[in-house]
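Report on the following structure.
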Amino acid sequence: MAVDEGRTARFERVFSRVRSAWRDLTSAGRLPSQPPLRPDLPDEDIANLKCQIAACIEGKGGEVSARARAAELGRAYLALSRIGRERFFFLLANEFTADTNAIHKMIEAFGKAGADPEARLKAEARLRAVLMPPYVNLLAQFNALPSGVKFVVDLRTELREVIGEDPALNALDDNLRELLTGWFDIGLLSLERITWRAPAALLEKLAAYEAVHRVRSWRDLKNRLDSDRRFFAFFHPSMPEEPLIFVEVALVDGMADNIQALLDKDAPPDDPKSADTAIFYSISNAQRGLIGLSFGAFLIKRVLDDLARELPALKIFATLSPLPGFRSWVERRIAAGDDTLLTPQAAKALRGFGTGEVGAELLRKLLDGAWPRDHDLADALQPVMLRLAARYLLIAKQGDEPVDRVARFHLNNGARVERLNWLADTSSNGLKQSFGVMVNYRYRPEEIEANHEAYRGEGRIAATPAVKALIG
């Protein structure tokens, strides 16, 4: 199963179909022939490209001509190399942005409108019009083309790979995100349950897009679609074959505390009707071009409601989630010489495993070693690392929010920090990102709204007394 196929190769398969469809549109529009652009878009080709873009924005002629020009420009973009596409973005962002002089004039006109409501509204409308960069109108034209929405989503994916700190490219990305936000209104999305009977092409995409726990084989994927599992995805009507975001759920007895056990392909399936707990163990955004659009909260709530209706015996809805930044946070605190990482009792318990080091340096030495294979040392590290994990989730901040991105997602959606689990992910990735620690976030339907409001309004993190007590 080609689960490791590169994203670039998937793009090219999609783009090859788009090229064919758009070639027909170009022919139907009977446009004058354009000299082909060379893949790296050298300076000599820039003037030709600028003319093509300007013609699209100007929009002369009827609808057929407009679609043909947009299709021709799209085909030109698809023929570019990575270097050429980067130059395309720079041209678009710098040469087809809002007119600064026009903006100043409209601001002045708005100021002169005075208290006359009609004049102010007209001046406001004109100001809004000049604030919008012309390239937004160009990008919107792709919406009318076959697979045009997917084209723009992937276009933003490629833009974000080269964006860096360039202010013009960042402004282009912001405007693209706003455009896509309108196209992907949550009311347009459909929630679908994916089963093993789904088309193989879709199953292959789900395996490739899985971002939390890698799908290693068809058998692995089939296990995730078994009778005691649920797999839900959001789809958009303009991208019916492309999942936007999906969630994987295990139906079990009791709250899961180990991802290897949960994903064990050899474990017999449980009876879903007797399960009392739904564990959300993976949520993956399938389209990198839609980063910044909020689908996750709606997905979890919809799935929670669907599961509650289907399986009334379910009493607990929780996640088994990674702490992707925990290890790097601990290592930064160690490098800073943070002697609060170890309590006096913990330092005493660990001293017998060291060679004379104390404080943060002692912890660094122990964590750099083969501690997962030393049961005595792993047992001694457990209270230390769970205390630090609680501190990481409840106290460490990035601005006003928790430093952990997964925590921000679930807390904003109304979950509470339910339990921390030691050595819950002993895979190489689990140890690399969080020393094997995982966390259960719990969604209690009657508390979701209050937790969300407390988090957004006061920055208050909902957590069980047991987790709070770990900090000491």
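Residues in the structure tokens are numbered from 1 in each chain, the chains being A, B, ... in the order shown, and ligands are numbered from 1 in the order shown.
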| said: So that I can check the surroundings of Pro243 in chain A, please list as a ChimeraX atom specification every protein, DNA and RNA residue that reaches within 12 Å of it, counting only C-alpha atoms and ignoring chain neighbours fewer than 4 positions away. | reply: /A:150,189-194,201-210,231-239,247,284-288,290,295
| Got a sec to tell me which of range 157-291 of chain A DSSP assigns to helix (DSSP H, G or I), as a PyMOL selection string? | chain A and resi 157-160+167-183+186-188+200-209+218-224+259-262+272-274+288-290
Output N, CA and C atoms for every residue in the selection just made, as a compact mmCIF listing (two decimals), in the first residue's frame.
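Result saved to part_1.txt:
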# COMPACT_ATOMS: atom_id res chain seq x y z
N THR A 157 -1.36 25.66 -0.42
CA THR A 157 -0.39 24.74 0.18
C THR A 157 1.01 25.06 -0.32
N GLU A 158 1.15 25.23 -1.62
CA GLU A 158 2.46 25.52 -2.19
C GLU A 158 2.96 26.91 -1.81
N LEU A 159 2.05 27.87 -1.70
CA LEU A 159 2.44 29.20 -1.24
C LEU A 159 3.03 29.14 0.16
N ARG A 160 2.41 28.38 1.04
CA ARG A 160 2.86 28.32 2.42
C ARG A 160 4.23 27.63 2.56
N PRO A 167 6.44 40.02 3.74
CA PRO A 167 5.13 40.62 4.08
C PRO A 167 4.12 40.53 2.95
N ALA A 168 4.57 40.67 1.70
CA ALA A 168 3.63 40.60 0.58
C ALA A 168 3.07 39.19 0.43
N LEU A 169 3.92 38.17 0.57
CA LEU A 169 3.43 36.79 0.48
C LEU A 169 2.52 36.45 1.65
N ASN A 170 2.81 36.97 2.82
CA ASN A 170 1.93 36.74 3.97
C ASN A 170 0.58 37.41 3.77
N ALA A 171 0.57 38.60 3.17
CA ALA A 171 -0.70 39.25 2.86
C ALA A 171 -1.49 38.44 1.83
N LEU A 172 -0.78 37.90 0.83
CA LEU A 172 -1.44 37.04 -0.15
C LEU A 172 -2.05 35.82 0.53
N ASP A 173 -1.32 35.22 1.46
CA ASP A 173 -1.83 34.05 2.19
C ASP A 173 -3.06 34.43 3.02
N ASP A 174 -3.02 35.59 3.68
CA ASP A 174 -4.17 36.03 4.48
C ASP A 174 -5.41 36.19 3.60
N ASN A 175 -5.24 36.78 2.44
CA ASN A 175 -6.38 36.98 1.55
C ASN A 175 -6.89 35.67 0.97
N LEU A 176 -5.96 34.75 0.71
CA LEU A 176 -6.38 33.43 0.25
C LEU A 176 -7.19 32.71 1.33
N ARG A 177 -6.72 32.82 2.58
CA ARG A 177 -7.45 32.19 3.67
C ARG A 177 -8.86 32.76 3.80
N GLU A 178 -8.99 34.08 3.69
CA GLU A 178 -10.31 34.70 3.77
C GLU A 178 -11.21 34.25 2.63
N LEU A 179 -10.64 34.14 1.45
CA LEU A 179 -11.42 33.67 0.30
C LEU A 179 -11.91 32.25 0.52
N LEU A 180 -11.02 31.38 0.99
CA LEU A 180 -11.38 29.98 1.22
C LEU A 180 -12.35 29.83 2.39
N THR A 181 -12.27 30.72 3.37
CA THR A 181 -13.21 30.68 4.50
C THR A 181 -14.64 30.84 4.00
N GLY A 182 -14.83 31.73 3.02
CA GLY A 182 -16.16 31.90 2.45
C GLY A 182 -16.60 30.69 1.65
N TRP A 183 -15.66 30.10 0.92
CA TRP A 183 -16.01 28.93 0.10
C TRP A 183 -16.30 27.71 0.95
N ILE A 186 -19.10 26.19 7.05
CA ILE A 186 -19.42 24.90 7.67
C ILE A 186 -20.77 24.36 7.21
N GLY A 187 -21.68 25.26 6.84
CA GLY A 187 -23.00 24.83 6.38
C GLY A 187 -22.96 24.09 5.06
N LEU A 188 -21.86 24.24 4.31
CA LEU A 188 -21.74 23.56 3.03
C LEU A 188 -21.14 22.16 3.15
N ALA A 200 -11.37 2.37 -3.04
CA ALA A 200 -9.97 2.19 -2.67
C ALA A 200 -9.18 3.49 -2.78
N ALA A 201 -9.53 4.32 -3.77
CA ALA A 201 -8.81 5.59 -3.95
C ALA A 201 -8.99 6.49 -2.73
N LEU A 202 -10.20 6.49 -2.16
CA LEU A 202 -10.45 7.31 -0.97
C LEU A 202 -9.71 6.73 0.23
N LEU A 203 -9.74 5.40 0.37
CA LEU A 203 -9.03 4.78 1.49
C LEU A 203 -7.53 5.07 1.42
N GLU A 204 -7.00 5.05 0.21
CA GLU A 204 -5.57 5.34 0.05
C GLU A 204 -5.26 6.77 0.47
N LYS A 205 -6.16 7.71 0.13
CA LYS A 205 -5.96 9.10 0.54
C LYS A 205 -6.01 9.25 2.05
N LEU A 206 -6.95 8.57 2.70
CA LEU A 206 -7.06 8.66 4.15
C LEU A 206 -5.78 8.16 4.81
N ALA A 207 -5.23 7.08 4.28
CA ALA A 207 -3.98 6.55 4.83
C ALA A 207 -2.84 7.55 4.64
N ALA A 208 -2.80 8.17 3.48
CA ALA A 208 -1.72 9.11 3.18
C ALA A 208 -1.85 10.38 4.00
N TYR A 209 -3.09 10.82 4.28
CA TYR A 209 -3.31 12.08 5.00
C TYR A 209 -3.22 11.90 6.52
N TRP A 218 -2.54 -1.98 4.50
CA TRP A 218 -3.99 -2.13 4.31
C TRP A 218 -4.62 -2.78 5.55
N ARG A 219 -3.91 -3.74 6.12
CA ARG A 219 -4.44 -4.42 7.29
C ARG A 219 -4.61 -3.44 8.45
N ASP A 220 -3.63 -2.57 8.61
CA ASP A 220 -3.71 -1.55 9.65
C ASP A 220 -4.93 -0.67 9.43
N LEU A 221 -5.13 -0.23 8.18
CA LEU A 221 -6.27 0.63 7.88
C LEU A 221 -7.58 -0.13 8.10
N LYS A 222 -7.62 -1.38 7.68
CA LYS A 222 -8.86 -2.17 7.87
C LYS A 222 -9.20 -2.29 9.36
N ASN A 223 -8.19 -2.43 10.19
CA ASN A 223 -8.42 -2.50 11.63
C ASN A 223 -9.06 -1.22 12.16
N ARG A 224 -8.67 -0.07 11.58
CA ARG A 224 -9.22 1.21 12.02
C ARG A 224 -10.65 1.43 11.52
N ILE A 259 -1.72 3.82 23.36
CA ILE A 259 -2.07 3.85 21.94
C ILE A 259 -1.67 2.57 21.24
N GLN A 260 -0.60 1.91 21.67
CA GLN A 260 -0.21 0.66 21.03
C GLN A 260 -1.29 -0.41 21.22
N ALA A 261 -1.85 -0.47 22.43
CA ALA A 261 -2.93 -1.43 22.69
C ALA A 261 -4.17 -1.09 21.87
N LEU A 262 -4.43 0.22 21.73
CA LEU A 262 -5.62 0.66 21.00
C LEU A 262 -5.52 0.33 19.51
N PRO A 272 -19.39 -3.15 19.79
CA PRO A 272 -19.61 -1.71 19.95
C PRO A 272 -20.84 -1.37 20.78
N LYS A 273 -21.84 -2.28 20.79
CA LYS A 273 -23.06 -1.99 21.54
C LYS A 273 -22.86 -2.07 23.04
N SER A 274 -21.79 -2.76 23.47
CA SER A 274 -21.54 -2.87 24.90
C SER A 274 -20.48 -1.86 25.37
N ARG A 288 -3.64 20.78 3.59
CA ARG A 288 -2.77 21.78 4.21
C ARG A 288 -3.10 23.18 3.72
N GLY A 289 -3.73 23.29 2.57
CA GLY A 289 -4.13 24.59 2.06
C GLY A 289 -5.28 25.20 2.83
N LEU A 290 -5.90 24.42 3.73
CA LEU A 290 -7.02 24.93 4.54
C LEU A 290 -6.60 25.20 5.99
Contacts between range 326-348 of chain A and range 372-430 of chain A, please, where a residue of range 372-430 of chain A counts if it comes within 9 Å (with only C-alpha atoms); show its shortest atom pair and distance in Å to one decimal, rows by chain and ascending number, as a Markdown table.
| residue | atom | partner | partner_atom | distance |
| --- | --- | --- | --- | --- |
| A:Ala380 | CA | A:Ala346 | CA | 8.2 |
| A:Leu381 | CA | A:Ala346 | CA | 8.4 |
| A:Pro383 | CA | A:Ala346 | CA | 8.0 |
| A:Val384 | CA | A:Ala346 | CA | 6.5 |
| A:Arg387 | CA | A:Leu341 | CA | 8.8 |
| A:Leu388 | CA | A:Leu341 | CA | 7.0 |
| A:Ala389 | CA | A:Phe326 | CA | 7.0 |
| A:Tyr392 | CA | A:Phe326 | CA | 6.9 |
| A:Leu393 | CA | A:Phe326 | CA | 8.7 |
| A:Ala396 | CA | A:Trp329 | CA | 8.9 |
| A:Val403 | CA | A:Trp329 | CA | 8.8 |
| A:Asp404 | CA | A:Phe326 | CA | 7.6 |
Could the residues in this selection be saved with C-alpha atoms as a tab-separated table (two decimals), in the first residue's frame?
chain	number	residue	atom	x	y	z
A	380	ALA	CA	11.36	6.50	39.20
A	381	LEU	CA	10.88	8.96	36.32
A	383	PRO	CA	6.08	10.96	38.93
A	384	VAL	CA	8.70	13.43	37.73
A	387	ARG	CA	4.36	16.42	37.16
A	388	LEU	CA	6.20	18.20	34.35
A	389	ALA	CA	3.51	17.20	31.84
A	392	TYR	CA	3.39	21.93	30.64
A	393	LEU	CA	-0.35	21.65	29.97
A	396	ALA	CA	3.31	26.84	30.34
A	403	VAL	CA	2.06	26.28	24.68
A	404	ASP	CA	0.78	22.90	23.45
| Which of these residues is nearest to Leu470 in chain A, using only C-alpha atoms: A:Leu420, A:Ala390, A:Leu293, A:Ala198? |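 Answer, going by the shortest atom-to-atom distance: A:Ala390.
Interatomic distance, CA of Ala211 in chain A against CA of Tyr77 in chain A: 28.3 Å.
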| said: Quick one: residues within 12 Å of Leu311 in chain A, only C-alpha atoms, excluding same-chain residues fewer than 6 positions away - as a list in words? | reply: Asp228, Arg230, Leu251, Val252, Asp271, Pro272, Lys273, Ser274, Ala275, Asp276, Thr277, Ala278, Val303, Leu304, Asp305 and Phe317 of chain A
Export of the given selection (C-alpha atoms) as a compact mmCIF listing (two decimals), in the first residue's frame:
# COMPACT_ATOMS: atom_id res chain seq x y z
CA ASP A 228 -15.66 -1.43 16.99
CA ARG A 230 -15.74 4.69 13.60
CA LEU A 251 -15.35 2.11 20.95
CA VAL A 252 -14.01 0.53 24.15
CA ASP A 271 -18.87 -5.39 20.66
CA PRO A 272 -19.61 -1.71 19.95
CA LYS A 273 -23.06 -1.99 21.54
CA SER A 274 -21.54 -2.87 24.90
CA ALA A 275 -18.85 -0.15 24.82
CA ASP A 276 -19.18 2.65 27.35
CA THR A 277 -16.42 4.91 25.98
CA ALA A 278 -15.67 6.55 22.65
CA VAL A 303 -19.47 13.03 15.66
CA LEU A 304 -20.23 13.13 19.38
CA ASP A 305 -23.92 13.69 18.64
CA PHE A 317 -16.35 10.74 25.18
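Considering only C-alpha atoms, the residue among A:Lys60, A:Arg126, A:Arg82, A:Arg214 positioned nearest to Phe110 in chain A is A:Arg126.
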| message | Could you tell me how far CA of Asp43 in chain A sits from CA of Ala76 in chain A, in Å to one decimal place? | response |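 Spanning CA of Ala76 in chain A to CA of Asp43 in chain A is a straight-line distance of 15.5 Å.
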| field | Counting only C-alpha atoms, the residue of A:Val162, A:Ala415, A:Ile283, A:Ala66 that sits nearest Leu244 in chain A | value | A:Ile283
